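Asker: Starting off with a structure, shown below.
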Amino acid sequence: MIDLNYADLVWDHDENAHAEYMNNLAPIVLFTYNRLDHTKQTVEALRANLYAKESVLYIYSDAPKTEAAAEVVQVVRDYLHTIDGFREVHIVLREENWGLARNIMDGVTQIVNQYGKIIVLEDDIVTSRYFLKYMNDALEIYKDAPQVMNISGYICPIVTEDLPEVFFMHFSYCWGWATWKDSWSLFQRNPKKLIQEFTKDDIYHFTLEGAVDYWQQVIANEGGQLYTWAVFWGASIFRNKGLTLAPRNSLTLNVGMDGTGEHCGETDLYHVKVNQNPIQKFPLEIQELPLARERHCLFFEKQKPSFFRRLARKGKNTIRKLL
């Protein structure tokens, strides 16, 4: 019996539908730089995924920023050329240093415009065995629902009691995510315009009722202290009244919160246990779950003192692009 509150994953039990589904899996795009160990962890977990062998993988390797970085970047590139276990592997070697934000914005635009949908990873995101299935299922289920703009594999370690398997929120994550061409076409990275157009009420709700101060990232981008992308993806979703689908139990883990990543410091605040079970119930009712928003507000409010102490000690390098 089909539960009318949840999507029927017909391709899981219909042979013809499954064949068509598998022939239309979303491409995976991975962005790398100079962290070999992190990249290996990311690739090995991804290769162990259900659907990995049927998926096309694109890897963008940024060029070294300095001569000192050239050797470690080349070590990563040598490793990239050994990767197998996917239907196809395409490697894009940048000839100049683009930086993380420019690299991602350009790479995502290229691939999502070619395929119409995309799954995105950075070089420090370790995934569940069922990450690709979850992403592809969600991309298929909500492809005709324009208000759904982002699929997240990650969720903060909030209290999960009474939450469904997956739910919608007016809040976004970028630690293993997916989207469609039409949604990404609404992306704008224009901090000056955003500051001019967002009202105080917009800022309040965008920052989870003031629980998390992402607005400072926008201001820092306008002032030139930062050059990031993810907060503007979150803002683009927010200003278009879009929703992010998120799992109750995270299917990804960021292993780069060790001081090695761009714009991040050391912290275990966002450490989670990766869910190694498939997601089975996708909601058909497309609206924000108030309880999930409340749990996020509580989580960030609780962490705020610790966050700002760390921020004061470490400066801008502690700012992590959760959006």
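Every chain in the structure tokens has a letter given in the order shown (A, B, ...), and although residue numbers restart at 1 in each chain, ligands are simply numbered from 1 in the order shown.
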Which of range 109-323 of chain A end up as helix (DSSP H, G or I) when DSSP is run on this backbone - answer as a ChimeraX atom specification?
Answerer: /A:109-115,131-141,181-184,191-197,200-206,215-223,230-239,290-318
Asker: Pick out the residues sitting within 10 Å of Pro191 in chain A, and hand them over as a ChimeraX atom specification; count only C-alpha atoms, and ignore anything fewer than 2 positions along from it in its own chain.
Answerer: /A:188-189,193-197,217-223,231-232,235
Asker: Could you take the residues named above and write them with all heavy atoms, as a tab-separated table (two decimals), in the first residue's frame?
Answerer:
```tsv
chain	number	residue	atom	x	y	z
A	188	GLN	N	23.00	34.53	-7.32
A	188	GLN	CA	23.69	35.80	-7.52
A	188	GLN	C	24.71	36.00	-6.41
A	188	GLN	O	24.38	35.84	-5.23
A	188	GLN	CB	22.71	36.98	-7.50
A	188	GLN	CG	21.76	37.05	-8.66
A	188	GLN	CD	20.90	38.31	-8.62
A	188	GLN	OE1	21.05	39.16	-7.73
A	188	GLN	NE2	19.99	38.44	-9.56
A	189	ARG	N	25.91	36.35	-6.81
A	189	ARG	CA	26.91	36.74	-5.80
A	189	ARG	C	27.14	38.24	-5.95
A	189	ARG	O	27.99	38.69	-6.71
A	189	ARG	CB	28.22	35.98	-6.00
A	189	ARG	CG	29.19	36.22	-4.84
A	189	ARG	CD	30.62	35.84	-5.12
A	189	ARG	NE	31.44	36.27	-3.99
A	189	ARG	CZ	31.89	37.53	-3.82
A	189	ARG	NH1	31.61	38.47	-4.72
A	189	ARG	NH2	32.61	37.84	-2.75
A	193	LYS	N	24.41	44.56	-3.62
A	193	LYS	CA	22.99	44.54	-3.93
A	193	LYS	C	22.19	43.90	-2.80
A	193	LYS	O	21.11	44.37	-2.43
A	193	LYS	CB	22.76	43.78	-5.24
A	193	LYS	CG	21.31	43.73	-5.68
A	193	LYS	CD	21.17	42.96	-6.99
A	193	LYS	CE	19.72	42.88	-7.42
A	193	LYS	NZ	19.55	42.10	-8.67
A	194	LEU	N	22.76	42.83	-2.23
A	194	LEU	CA	22.08	42.12	-1.15
A	194	LEU	C	21.91	43.02	0.07
A	194	LEU	O	20.84	43.08	0.68
A	194	LEU	CB	22.89	40.87	-0.78
A	194	LEU	CG	22.13	39.72	-0.11
A	194	LEU	CD1	21.03	39.19	-1.01
A	194	LEU	CD2	23.12	38.59	0.23
A	195	ILE	N	22.96	43.75	0.42
A	195	ILE	CA	22.91	44.65	1.56
A	195	ILE	C	21.88	45.77	1.33
A	195	ILE	O	21.18	46.18	2.25
A	195	ILE	CB	24.31	45.24	1.84
A	195	ILE	CG1	25.24	44.14	2.36
A	195	ILE	CG2	24.24	46.40	2.82
A	195	ILE	CD1	26.69	44.53	2.44
A	196	GLN	N	21.78	46.22	0.10
A	196	GLN	CA	20.82	47.28	-0.22
A	196	GLN	C	19.38	46.78	-0.16
A	196	GLN	O	18.48	47.51	0.25
A	196	GLN	CB	21.11	47.84	-1.61
A	196	GLN	CG	22.39	48.66	-1.70
A	196	GLN	CD	22.72	49.07	-3.13
A	196	GLN	OE1	22.19	48.48	-4.10
A	196	GLN	NE2	23.58	50.05	-3.28
A	197	GLU	N	19.17	45.53	-0.56
A	197	GLU	CA	17.80	45.02	-0.73
A	197	GLU	C	17.24	44.30	0.49
A	197	GLU	O	16.03	44.31	0.69
A	197	GLU	CB	17.74	44.09	-1.95
A	197	GLU	CG	17.99	44.81	-3.27
A	197	GLU	CD	17.85	43.90	-4.47
A	197	GLU	OE1	17.70	42.67	-4.27
A	197	GLU	OE2	17.88	44.43	-5.59
A	217	GLN	N	29.10	37.52	7.10
A	217	GLN	CA	29.82	37.04	5.91
A	217	GLN	C	29.52	37.91	4.71
A	217	GLN	O	30.41	38.19	3.89
A	217	GLN	CB	29.44	35.59	5.62
A	217	GLN	CG	30.02	34.58	6.59
A	217	GLN	CD	29.86	33.17	6.06
A	217	GLN	OE1	30.07	32.91	4.89
A	217	GLN	NE2	29.48	32.27	6.94
A	218	VAL	N	28.26	38.30	4.57
A	218	VAL	CA	27.88	39.18	3.47
A	218	VAL	C	28.63	40.50	3.57
A	218	VAL	O	29.20	41.00	2.59
A	218	VAL	CB	26.35	39.42	3.46
A	218	VAL	CG1	25.97	40.39	2.36
A	218	VAL	CG2	25.61	38.10	3.31
A	219	ILE	N	28.67	41.08	4.77
A	219	ILE	CA	29.37	42.35	4.99
A	219	ILE	C	30.86	42.20	4.71
A	219	ILE	O	31.49	43.06	4.09
A	219	ILE	CB	29.12	42.84	6.43
A	219	ILE	CG1	27.63	43.19	6.61
A	219	ILE	CG2	30.00	44.04	6.76
A	219	ILE	CD1	27.23	43.49	8.03
A	220	ALA	N	31.45	41.07	5.15
A	220	ALA	CA	32.88	40.84	4.93
A	220	ALA	C	33.18	40.66	3.45
A	220	ALA	O	34.25	41.06	2.97
A	220	ALA	CB	33.34	39.62	5.72
A	221	ASN	N	32.27	40.06	2.70
A	221	ASN	CA	32.45	39.93	1.25
A	221	ASN	C	32.37	41.30	0.58
A	221	ASN	O	33.14	41.59	-0.34
A	221	ASN	CB	31.39	39.00	0.68
A	221	ASN	CG	31.81	37.55	0.69
A	221	ASN	OD1	32.42	37.04	-0.24
A	221	ASN	ND2	31.50	36.86	1.79
A	222	GLU	N	31.46	42.13	1.03
A	222	GLU	CA	31.34	43.48	0.48
A	222	GLU	C	32.60	44.30	0.77
A	222	GLU	O	33.06	45.07	-0.08
A	222	GLU	CB	30.10	44.18	1.06
A	222	GLU	CG	30.03	45.68	0.84
A	222	GLU	CD	29.96	46.07	-0.63
A	222	GLU	OE1	29.78	45.20	-1.51
A	222	GLU	OE2	30.11	47.28	-0.91
A	223	GLY	N	33.17	44.10	1.96
A	223	GLY	CA	34.35	44.86	2.34
A	223	GLY	C	35.65	44.31	1.79
A	223	GLY	O	36.71	44.93	1.95
A	231	VAL	N	27.22	31.56	1.16
A	231	VAL	CA	26.24	32.41	1.83
A	231	VAL	C	25.32	33.07	0.79
A	231	VAL	O	24.14	33.33	1.05
A	231	VAL	CB	26.94	33.47	2.71
A	231	VAL	CG1	27.68	34.51	1.90
A	231	VAL	CG2	25.93	34.12	3.65
A	232	PHE	N	25.84	33.29	-0.41
A	232	PHE	CA	25.02	33.92	-1.46
A	232	PHE	C	24.10	32.90	-2.14
A	232	PHE	O	23.04	33.28	-2.64
A	232	PHE	CB	25.94	34.59	-2.48
A	232	PHE	CG	26.77	35.68	-1.86
A	232	PHE	CD1	28.10	35.47	-1.55
A	232	PHE	CD2	26.19	36.90	-1.53
A	232	PHE	CE1	28.86	36.45	-0.95
A	232	PHE	CE2	26.95	37.90	-0.92
A	232	PHE	CZ	28.27	37.68	-0.63
A	235	ALA	N	21.36	32.92	0.32
A	235	ALA	CA	20.58	34.13	0.18
A	235	ALA	C	19.71	34.09	-1.07
A	235	ALA	O	18.58	34.60	-1.07
A	235	ALA	CB	21.50	35.35	0.13
```
Asker: Asn34 in chain A: which residues within 10 Å, counting only C-alpha atoms, same-chain residues fewer than 5 positions away excluded, as a list of chain:residue names?
Answerer: A:Thr39, A:Ser61, A:Asp62, A:Ala63, A:Pro64, A:Ala69, A:Ala70, A:Glu71, A:Val72, A:Val73, A:Gln74, A:Val75, A:Val76, A:Arg77, A:Asp123, A:Thr260, A:Gly261
Asker: Please provide the set of residues having any atom within 7 Å of Leu132 in chain A, restricted to only C-alpha atoms, with same-chain residues fewer than 6 positions apart removed, written as a PDB file with N, CA and C atoms, in the first residue's frame.
Answerer:
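That gives us around_12.pdb:
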```
ATOM      1  N   ASN A  49      29.888   4.196  -2.751  1.00  0.00           N
ATOM      2  CA  ASN A  49      28.453   4.486  -2.822  1.00  0.00           C
ATOM      3  C   ASN A  49      27.726   3.550  -3.775  1.00  0.00           C
ATOM      4  N   LEU A  50      26.514   3.211  -3.389  1.00  0.00           N
ATOM      5  CA  LEU A  50      25.574   2.635  -4.331  1.00  0.00           C
ATOM      6  C   LEU A  50      25.403   3.668  -5.449  1.00  0.00           C
ATOM      7  N   TYR A  51      25.444   3.224  -6.689  1.00  0.00           N
ATOM      8  CA  TYR A  51      25.305   4.069  -7.897  1.00  0.00           C
ATOM      9  C   TYR A  51      26.606   4.728  -8.333  1.00  0.00           C
TER      10      TYR A  51
END
```
Asker: As a PyMOL selection string, list the residues of range 90-179 of chain A assigned to strand (DSSP E) by DSSP on the backbone atoms of this structure.
Answerer: chain A and resi 90-93+117-122+125-127+148-152+166-169+177-179
Asker: For Leu298 in chain A, list every protein, DNA or RNA residue within 9 Å, evaluated using only C-alpha atoms, and leave out those in the same chain fewer than 5 positions away; present the list as a list of chain:residue names.
Answerer: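 Within the cut-off, the hits are A:Ile158, A:Ala211, A:Arg293, A:Gln303.
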Asker: Include N, CA and C atoms and write out the residues we just selected as a compact mmCIF listing (two decimals), in the first residue's frame.
Answerer:
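The resulting out_7.txt:
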```
# COMPACT_ATOMS: atom_id res chain seq x y z
N ILE A 158 21.65 18.56 15.50
CA ILE A 158 20.50 19.05 16.26
C ILE A 158 19.82 17.88 16.97
N ALA A 211 19.93 33.68 15.33
CA ALA A 211 20.69 32.65 16.05
C ALA A 211 22.08 32.44 15.47
N ARG A 293 13.16 23.95 12.17
CA ARG A 293 13.70 25.31 12.29
C ARG A 293 13.97 25.65 13.76
N GLN A 303 25.47 27.33 20.70
CA GLN A 303 26.87 27.36 20.32
C GLN A 303 27.41 28.78 20.20
```
Asker: Could you check the closest approach to Ala230 in chain A for each of A:Gln41, A:Asn150, A:Asn16, A:Thr127 and tell me which residue wins, using only C-alpha atoms?
Answerer: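 Smallest separation from Ala230 in chain A among the options: A:Asn150.
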Asker: Using only C-alpha atoms, which protein or nucleic acid residues come within 12 Å of Asn249 in chain A? Drop anything in the same chain fewer than 3 positions from it, and give the result as a count of residues only.
Answerer: 29
Asker: Which value, in Å to one decimal, gives the distance between CA of Phe31 in chain A and CA of Cys174 in chain A?
Answerer: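 About the pair CA of Phe31 in chain A and CA of Cys174 in chain A: they are 12.5 Å apart.
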Asker: Name all residues at most 9 Å from Ile119 in chain A (count only C-alpha atoms; drop same-chain ones fewer than 5 positions away) and give them as a list in words.
Answerer: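 The contact residues come out as Ala26, Pro27, Ile28, Val29, Leu30, Val108, Val112, Leu132, Met135, Asn136, Ile151, Gly176, Trp177, Ala178 and Thr179 of chain A.
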Asker: Could you please determine the separation between CA of Val255 in chain A and CA of Val126 in chain A in Å, to one decimal place?
Answerer: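 CA of Val255 in chain A sits 7.0 Å away from CA of Val126 in chain A.
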Asker: Which one of A:Asp106, A:Arg129, A:Glu122, A:Asp137 sits closest to Phe187 in chain A if you count only C-alpha atoms?
Answerer: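 That would be A:Asp106, the residue with the smallest distance to Phe187 in chain A.
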Asker: With only C-alpha atoms as the atoms that count, which of A:Leu36, A:Cys297, A:Ala292, A:Leu25 lies nearest to Tyr134 in chain A?
Answerer: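 Closest to Tyr134 in chain A, using only C-alpha atoms: A:Leu25.
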Asker: Between CA of Ser55 in chain A and CA of Ile104 in chain A, what is the spacing in Å?
Answerer: 19.7 Å
Asker: Smallest atom-to-atom distance to Glu44 in chain A: which of A:Ile83, A:Leu251, A:Leu243, A:Ala17, using only C-alpha atoms?
Answerer: A:Ile83
